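K.L.:
For reference, this is structure-v5.cif, and it has mmCIF, C-alpha atoms and all ligand atoms.
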data_model
#
loop_
_atom_site.label_atom_id
_atom_site.label_comp_id
_atom_site.auth_asym_id
_atom_site.auth_seq_id
_atom_site.Cartn_x
_atom_site.Cartn_y
_atom_site.Cartn_z
CA MET A 1 3.98 8.53 -19.00
CA GLY A 2 2.26 8.69 -15.65
CA GLU A 3 -0.96 6.90 -14.76
CA ASP A 4 -1.26 4.96 -18.04
CA LEU A 5 2.25 3.57 -17.72
CA TRP A 6 1.72 2.69 -14.04
CA ARG A 7 -1.41 0.79 -15.01
CA SER A 8 0.36 -1.03 -17.87
CA VAL A 9 3.14 -2.17 -15.56
CA ASP A 10 0.60 -3.28 -12.96
CA ASP A 11 -1.26 -5.23 -15.66
CA TYR A 12 2.01 -6.82 -16.83
CA PHE A 13 2.96 -8.20 -13.42
CA THR A 14 -0.61 -9.02 -12.44
CA GLY A 15 -0.95 -11.10 -15.63
CA LEU A 16 2.27 -12.98 -14.95
CA LEU A 17 2.10 -13.41 -11.19
CA LEU A 18 -1.52 -13.46 -10.04
CA GLY A 19 -3.41 -15.69 -12.45
CA PRO A 20 -7.15 -15.82 -12.97
CA ASP A 21 -9.33 -15.42 -9.88
CA PRO A 22 -13.07 -15.72 -10.60
CA VAL A 23 -14.00 -15.23 -6.93
CA LEU A 24 -12.20 -11.88 -6.66
CA ASP A 25 -13.48 -10.83 -10.10
CA ALA A 26 -17.02 -11.61 -8.94
CA ALA A 27 -16.49 -9.54 -5.79
CA LEU A 28 -15.43 -6.48 -7.81
CA GLU A 29 -18.37 -7.04 -10.16
CA ALA A 30 -20.81 -7.25 -7.24
CA ASN A 31 -19.30 -4.07 -5.75
CA ALA A 32 -19.81 -2.25 -9.05
CA VAL A 33 -23.39 -3.48 -9.41
CA ALA A 34 -24.12 -2.27 -5.86
CA GLY A 35 -22.59 1.14 -6.65
CA LEU A 36 -19.71 0.86 -4.17
CA PRO A 37 -16.75 3.15 -4.94
CA ALA A 38 -13.82 1.34 -6.62
CA ILE A 39 -11.40 2.22 -3.84
CA ASP A 40 -10.39 -1.33 -2.97
CA VAL A 41 -6.69 -2.16 -3.01
CA SER A 42 -5.39 -3.20 -6.44
CA PRO A 43 -4.90 -6.91 -7.24
CA ALA A 44 -1.13 -6.61 -6.81
CA GLN A 45 -1.60 -4.80 -3.50
CA GLY A 46 -4.13 -7.38 -2.36
CA LYS A 47 -1.61 -10.10 -3.04
CA LEU A 48 1.03 -8.11 -1.15
CA LEU A 49 -1.28 -8.05 1.89
CA HIS A 50 -1.83 -11.79 1.46
CA LEU A 51 1.91 -12.48 1.31
CA LEU A 52 2.56 -10.28 4.34
CA ALA A 53 -0.06 -12.20 6.31
CA ARG A 54 1.55 -15.48 5.24
CA SER A 55 5.01 -14.15 6.15
CA VAL A 56 4.01 -13.31 9.72
CA GLY A 57 2.17 -16.65 9.99
CA ALA A 58 -1.01 -14.76 10.81
CA ARG A 59 -3.70 -16.65 12.70
CA ARG A 60 -5.75 -13.58 13.67
CA ILE A 61 -6.17 -10.53 11.44
CA LEU A 62 -7.89 -7.20 12.16
CA GLU A 63 -9.14 -4.93 9.38
CA VAL A 64 -10.61 -1.44 9.68
CA GLY A 65 -12.58 -0.55 6.54
CA THR A 66 -14.17 -3.52 4.74
CA LEU A 67 -15.95 -1.91 1.76
CA GLY A 68 -16.96 -4.94 -0.38
CA GLY A 69 -14.46 -7.26 1.25
CA TYR A 70 -11.88 -7.33 -1.56
CA SER A 71 -8.87 -6.82 0.73
CA THR A 72 -10.64 -8.96 3.34
CA ILE A 73 -10.71 -11.94 0.98
CA TRP A 74 -7.04 -11.55 0.07
CA LEU A 75 -6.07 -11.41 3.74
CA ALA A 76 -8.43 -14.12 5.00
CA ARG A 77 -7.12 -16.55 2.39
CA ALA A 78 -3.78 -16.42 4.20
CA LEU A 79 -5.33 -17.78 7.40
CA PRO A 80 -5.29 -21.39 8.53
CA ALA A 81 -8.67 -23.17 8.74
CA ASP A 82 -8.95 -22.29 12.44
CA GLY A 83 -7.85 -18.68 11.88
CA GLN A 84 -9.99 -15.59 12.49
CA MET A 85 -10.41 -12.23 10.83
CA ILE A 86 -12.45 -9.37 12.24
CA THR A 87 -13.24 -6.54 9.83
CA CYS A 88 -14.96 -3.28 10.81
CA GLU A 89 -17.29 -1.42 8.44
CA ARG A 90 -19.45 1.63 9.21
CA GLU A 91 -21.88 1.32 6.28
CA PRO A 92 -24.45 -1.50 6.56
CA ARG A 93 -24.85 -1.52 2.77
CA HIS A 94 -21.13 -2.08 2.25
CA ALA A 95 -21.12 -4.80 4.89
CA GLU A 96 -24.02 -6.55 3.16
CA VAL A 97 -22.19 -6.64 -0.17
CA ALA A 98 -19.02 -7.77 1.60
CA ALA A 99 -20.85 -10.58 3.39
CA ALA A 100 -22.07 -12.00 0.08
CA ASN A 101 -18.60 -11.69 -1.48
CA ILE A 102 -16.97 -13.35 1.51
CA ALA A 103 -19.53 -16.16 1.47
CA ARG A 104 -18.86 -16.73 -2.24
CA ALA A 105 -15.16 -16.98 -1.39
CA GLY A 106 -15.95 -19.74 1.12
CA LEU A 107 -14.61 -17.61 3.99
CA ASN A 108 -17.75 -17.30 6.12
CA GLY A 109 -16.23 -19.45 8.81
CA VAL A 110 -13.17 -17.25 9.35
CA VAL A 111 -14.38 -13.69 8.69
CA ASP A 112 -16.47 -11.75 11.18
CA ILE A 113 -17.82 -8.40 9.89
CA ARG A 114 -18.59 -5.87 12.64
CA VAL A 115 -20.97 -3.19 11.39
CA GLY A 116 -20.76 0.32 12.83
CA PRO A 117 -18.20 3.08 13.31
CA ALA A 118 -14.87 1.38 14.03
CA LEU A 119 -14.28 3.59 17.07
CA ASP A 120 -17.40 2.02 18.62
CA THR A 121 -16.31 -1.54 17.75
CA LEU A 122 -12.58 -1.50 18.49
CA PRO A 123 -12.62 -0.74 22.25
CA ALA A 124 -14.49 -3.99 22.95
CA LEU A 125 -12.13 -6.18 20.91
CA GLU A 126 -9.30 -8.15 22.44
CA GLY A 127 -6.00 -9.12 20.91
CA PRO A 128 -3.61 -10.31 20.05
CA PHE A 129 -3.87 -9.83 16.31
CA ASP A 130 -0.88 -10.88 14.22
CA LEU A 131 -1.66 -8.38 11.48
CA ALA A 132 -3.84 -5.27 11.30
CA PHE A 133 -4.83 -3.51 8.07
CA ILE A 134 -6.13 0.02 8.59
CA ASP A 135 -8.06 1.34 5.58
CA ALA A 136 -11.14 3.33 6.66
CA ASP A 137 -11.64 7.09 7.17
CA LYS A 138 -8.15 8.52 7.35
CA ALA A 139 -9.11 11.22 9.90
CA SER A 140 -9.09 8.58 12.66
CA ASN A 141 -5.92 6.76 11.59
CA ALA A 142 -4.05 7.69 14.79
CA GLU A 143 -6.85 6.22 16.93
CA TYR A 144 -7.10 3.08 14.78
CA PHE A 145 -3.35 2.66 15.05
CA ALA A 146 -3.54 3.02 18.86
CA HIS A 147 -6.10 0.22 19.01
CA ALA A 148 -4.08 -1.99 16.66
CA LEU A 149 -1.03 -1.44 18.87
CA ARG A 150 -3.01 -2.19 22.04
CA MET A 151 -4.13 -5.49 20.48
CA SER A 152 -0.71 -6.50 19.14
CA ARG A 153 2.05 -8.83 20.32
CA PRO A 154 5.78 -8.52 19.68
CA GLY A 155 6.21 -9.18 15.96
CA SER A 156 2.70 -8.10 14.94
CA LEU A 157 2.54 -6.18 11.69
CA ILE A 158 0.38 -3.07 11.29
CA VAL A 159 -0.26 -1.84 7.73
CA VAL A 160 -1.95 1.50 7.01
CA ASP A 161 -3.25 2.27 3.51
CA ASN A 162 -3.33 5.55 1.59
CA VAL A 163 -0.66 7.49 3.46
CA VAL A 164 0.52 9.38 0.36
CA ARG A 165 -2.63 10.36 -1.55
CA GLY A 166 -0.91 11.65 -4.66
CA GLY A 167 1.60 13.51 -2.48
CA ARG A 168 -1.02 15.53 -0.60
CA ILE A 169 0.58 14.33 2.64
CA VAL A 170 3.42 16.84 2.19
CA ASP A 171 1.18 19.77 1.20
CA ALA A 172 1.03 21.82 4.41
CA ASP A 173 -1.75 23.96 2.90
CA ASN A 174 -4.05 20.96 2.52
CA HIS A 175 -6.52 20.91 5.41
CA ASP A 176 -8.67 18.02 4.19
CA PRO A 177 -9.52 15.97 7.33
CA ASP A 178 -8.17 12.82 5.68
CA VAL A 179 -4.84 14.47 4.89
CA VAL A 180 -4.62 16.14 8.31
CA GLY A 181 -5.48 12.79 9.95
CA THR A 182 -2.85 10.93 7.97
CA ARG A 183 -0.21 13.54 8.86
CA ARG A 184 -1.21 13.31 12.53
CA PHE A 185 -0.90 9.53 12.31
CA ALA A 186 2.54 9.76 10.66
CA GLU A 187 3.75 12.01 13.48
CA VAL A 188 2.41 9.59 16.12
CA LEU A 189 4.12 6.73 14.28
CA GLY A 190 7.45 8.57 14.30
CA ARG A 191 7.25 9.16 18.06
CA GLU A 192 6.03 5.65 18.97
CA ASP A 193 8.96 3.68 20.35
CA ARG A 194 7.00 0.42 20.64
CA VAL A 195 7.23 -0.06 16.86
CA GLU A 196 9.72 0.07 14.02
CA ALA A 197 8.10 1.70 11.02
CA THR A 198 8.54 2.80 7.44
CA ALA A 199 6.35 4.13 4.64
CA ILE A 200 6.53 3.13 0.99
CA GLN A 201 5.11 5.09 -1.94
CA THR A 202 3.33 3.10 -4.60
CA VAL A 203 2.19 3.80 -8.16
CA GLY A 204 -0.05 1.55 -10.19
CA ALA A 205 -3.64 0.91 -11.14
CA LYS A 206 -4.77 2.97 -8.12
CA GLY A 207 -2.58 5.98 -8.83
CA HIS A 208 0.16 7.38 -6.56
CA ASP A 209 -0.31 6.40 -2.94
CA GLY A 210 1.45 4.36 -0.30
CA PHE A 211 1.47 2.14 2.75
CA ALA A 212 2.90 2.67 6.22
CA LEU A 213 4.20 -0.52 7.82
CA ALA A 214 5.03 -0.99 11.47
CA VAL A 215 6.37 -4.04 13.28
CA VAL A 216 5.75 -4.20 17.00
CA ARG A 217 8.90 -4.64 19.12
N1 LIG B 1 -10.20 -2.28 2.58
C1 LIG B 1 -11.08 -2.17 1.42
C2 LIG B 1 -11.36 -0.72 1.07
C3 LIG B 1 -11.93 0.08 2.20
S1 LIG B 1 -12.59 1.63 1.64
C4 LIG B 1 -10.42 -2.86 0.23
O1 LIG B 1 -9.25 -2.56 -0.04
O2 LIG B 1 -11.08 -3.67 -0.44
C5 LIG B 1 -12.94 2.37 3.17
C6 LIG B 1 -14.14 1.79 3.91
O3 LIG B 1 -14.11 2.31 5.24
C7 LIG B 1 -15.49 2.20 3.31
O4 LIG B 1 -16.30 1.07 3.07
C8 LIG B 1 -16.12 3.07 4.40
O5 LIG B 1 -17.52 2.93 4.50
C9 LIG B 1 -15.44 2.54 5.64
N2 LIG B 1 -15.44 3.48 6.75
C10 LIG B 1 -15.35 4.83 6.71
N3 LIG B 1 -15.39 5.35 7.93
C11 LIG B 1 -15.50 4.32 8.79
C12 LIG B 1 -15.58 4.21 10.20
N4 LIG B 1 -15.58 5.28 10.98
N5 LIG B 1 -15.67 2.98 10.74
C13 LIG B 1 -15.69 1.87 9.95
N6 LIG B 1 -15.61 1.91 8.61
C14 LIG B 1 -15.52 3.12 8.04
C1 LIG B 2 -10.16 6.37 -0.74
C2 LIG B 2 -10.11 5.46 0.30
C3 LIG B 2 -9.27 4.37 0.21
O1 LIG B 2 -9.17 3.47 1.21
C4 LIG B 2 -8.48 4.18 -0.91
O2 LIG B 2 -7.66 3.09 -0.94
C5 LIG B 2 -8.54 5.08 -1.95
C6 LIG B 2 -9.38 6.17 -1.86
C7 LIG B 2 -11.07 7.54 -0.66
O3 LIG B 2 -11.76 7.70 0.35
O4 LIG B 2 -11.10 8.31 -1.62
MG MG B 3 -7.43 2.21 0.96
#
Can I see the file as structure tokens?
Ligand code: SAH
Ligand code: DHB
Ligand code: MG
P.N.:
Amino acid sequence: MGEDLWRSVDDYFTGLLLGPDPVLDAALEANAVAGLPAIDVSPAQGKLLHLLARSVGARRILEVGTLGGYSTIWLARALPADGQMITCEREPRHAEVAAANIARAGLNGVVDIRVGPALDTLPALEGPFDLAFIDADKASNAEYFAHALRMSRPGSLIVVDNVVRGGRIVDADNHDPDVVGTRRFAEVLGREDRVEATAIQTVGAKGHDGFALAVVR
């Protein structure tokens, strides 16, 4: 039971529903070779992001936290040829790996990687974005969410990764900045009357975690 079973079930559906994807496999391989941490979304989660972007008819997507561009590729593939995705990454080395992965995916023309702390990049950006995926340092989630909301339009979807963290979110004795930041974000989300929101726990290849989802009124 537990993690092994979650992984088996993920593998089962991924095998049936996702199909082979040499470009995404190559991206994960390049990330590993470069020593990037394997904290990308899972394949099934990546496809969920892709389907959400398709569902909202996204033409412009914002991402905070690129890593090697795995989630970026899933999301950018949902865009029309004249679409745009801006993704923010603090670490130049991560951005370099991501740029190569994104180029290999043929998505150079739609994805714009902005290198530097997201809180330096975001204030200068202008919306509207149809979808925002927030997946960087969790301590600043409330600020990232505020920027995503500022750059939204009615109907925009804002997705925030890793809001559960193996249940640490409900451990009041946990003072890890990421956990504290996620709790602070959740409280902001609950008070924010410009959105309708929920949070969904997930288990799978990446353990027990979850997404918050908010639709802008
Ligand atoms: N979205 C990726 C995973 C992102 S991991 C995927 O699913 O494939 C989190 C990333 O956020 C890391 O690459 C980390 O360097 C970056 N990050 C951390 N703090 C940041 C900050 N302040 N601004 C921008 N990026 C940041
Ligand atoms: C971590 C970050 C993530 O974005 C994630 O999906 C999993 C783990 C981390 O910092 O440990
Ligand atoms: Mg994440």
K.L.:
Grab me every residue within 10 Å of ligand LIG 1 (chain B), counting only C-alpha atoms and all ligand atoms, and send it over as number ranges by chain.
P.N.:
A: 27-28, 31, 36-43, 45-46, 49, 63-74, 87-95, 98, 114-122, 133-141, 144, 161
K.L.:
Would you compute, for all listed atoms of ligand LIG 2 (chain B), the axis-aligned bounding box grown by 3 Å on each side, and then report its centre and edge lengths in Å rounded to one decimal, as AutoDock Vina command-line options?
P.N.:
--center_x -9.7 --center_y 5.7 --center_z -0.4 --size_x 10.1 --size_y 11.2 --size_z 9.2
K.L.:
Please list as an MDAnalysis selection string every residue within 9 Å of segment 188-195 of chain A, counting only C-alpha atoms and excluding residues in the same chain fewer than 2 positions away.
P.N.:
chainID A and resid 142 145 149 183:186 197 214:217
K.L.:
How would you write as a ChimeraX atom specification the residues that get within 9 Å of (1.7, 12.8, -0.6) in the file's frame, counting all atoms listed in the file?
P.N.:
/A:163-171,179,201,208-210
K.L.:
Given only C-alpha atoms and all ligand atoms as the basis, pick out the residue of A:Gly207, A:Gly15, A:Pro177, A:Pro80 nearest to ligand MG 3 (chain B).
P.N.:
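With only C-alpha atoms and all ligand atoms as the atom set, the closest residue is A:Gly207.
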K.L.:
So how many Å separate atom CA of Leu18 of chain A and atom CA of Leu48 of chain A, to one decimal?
P.N.:
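Result for atom CA of Leu18 of chain A versus atom CA of Leu48 of chain A: 10.7 Å, one decimal.
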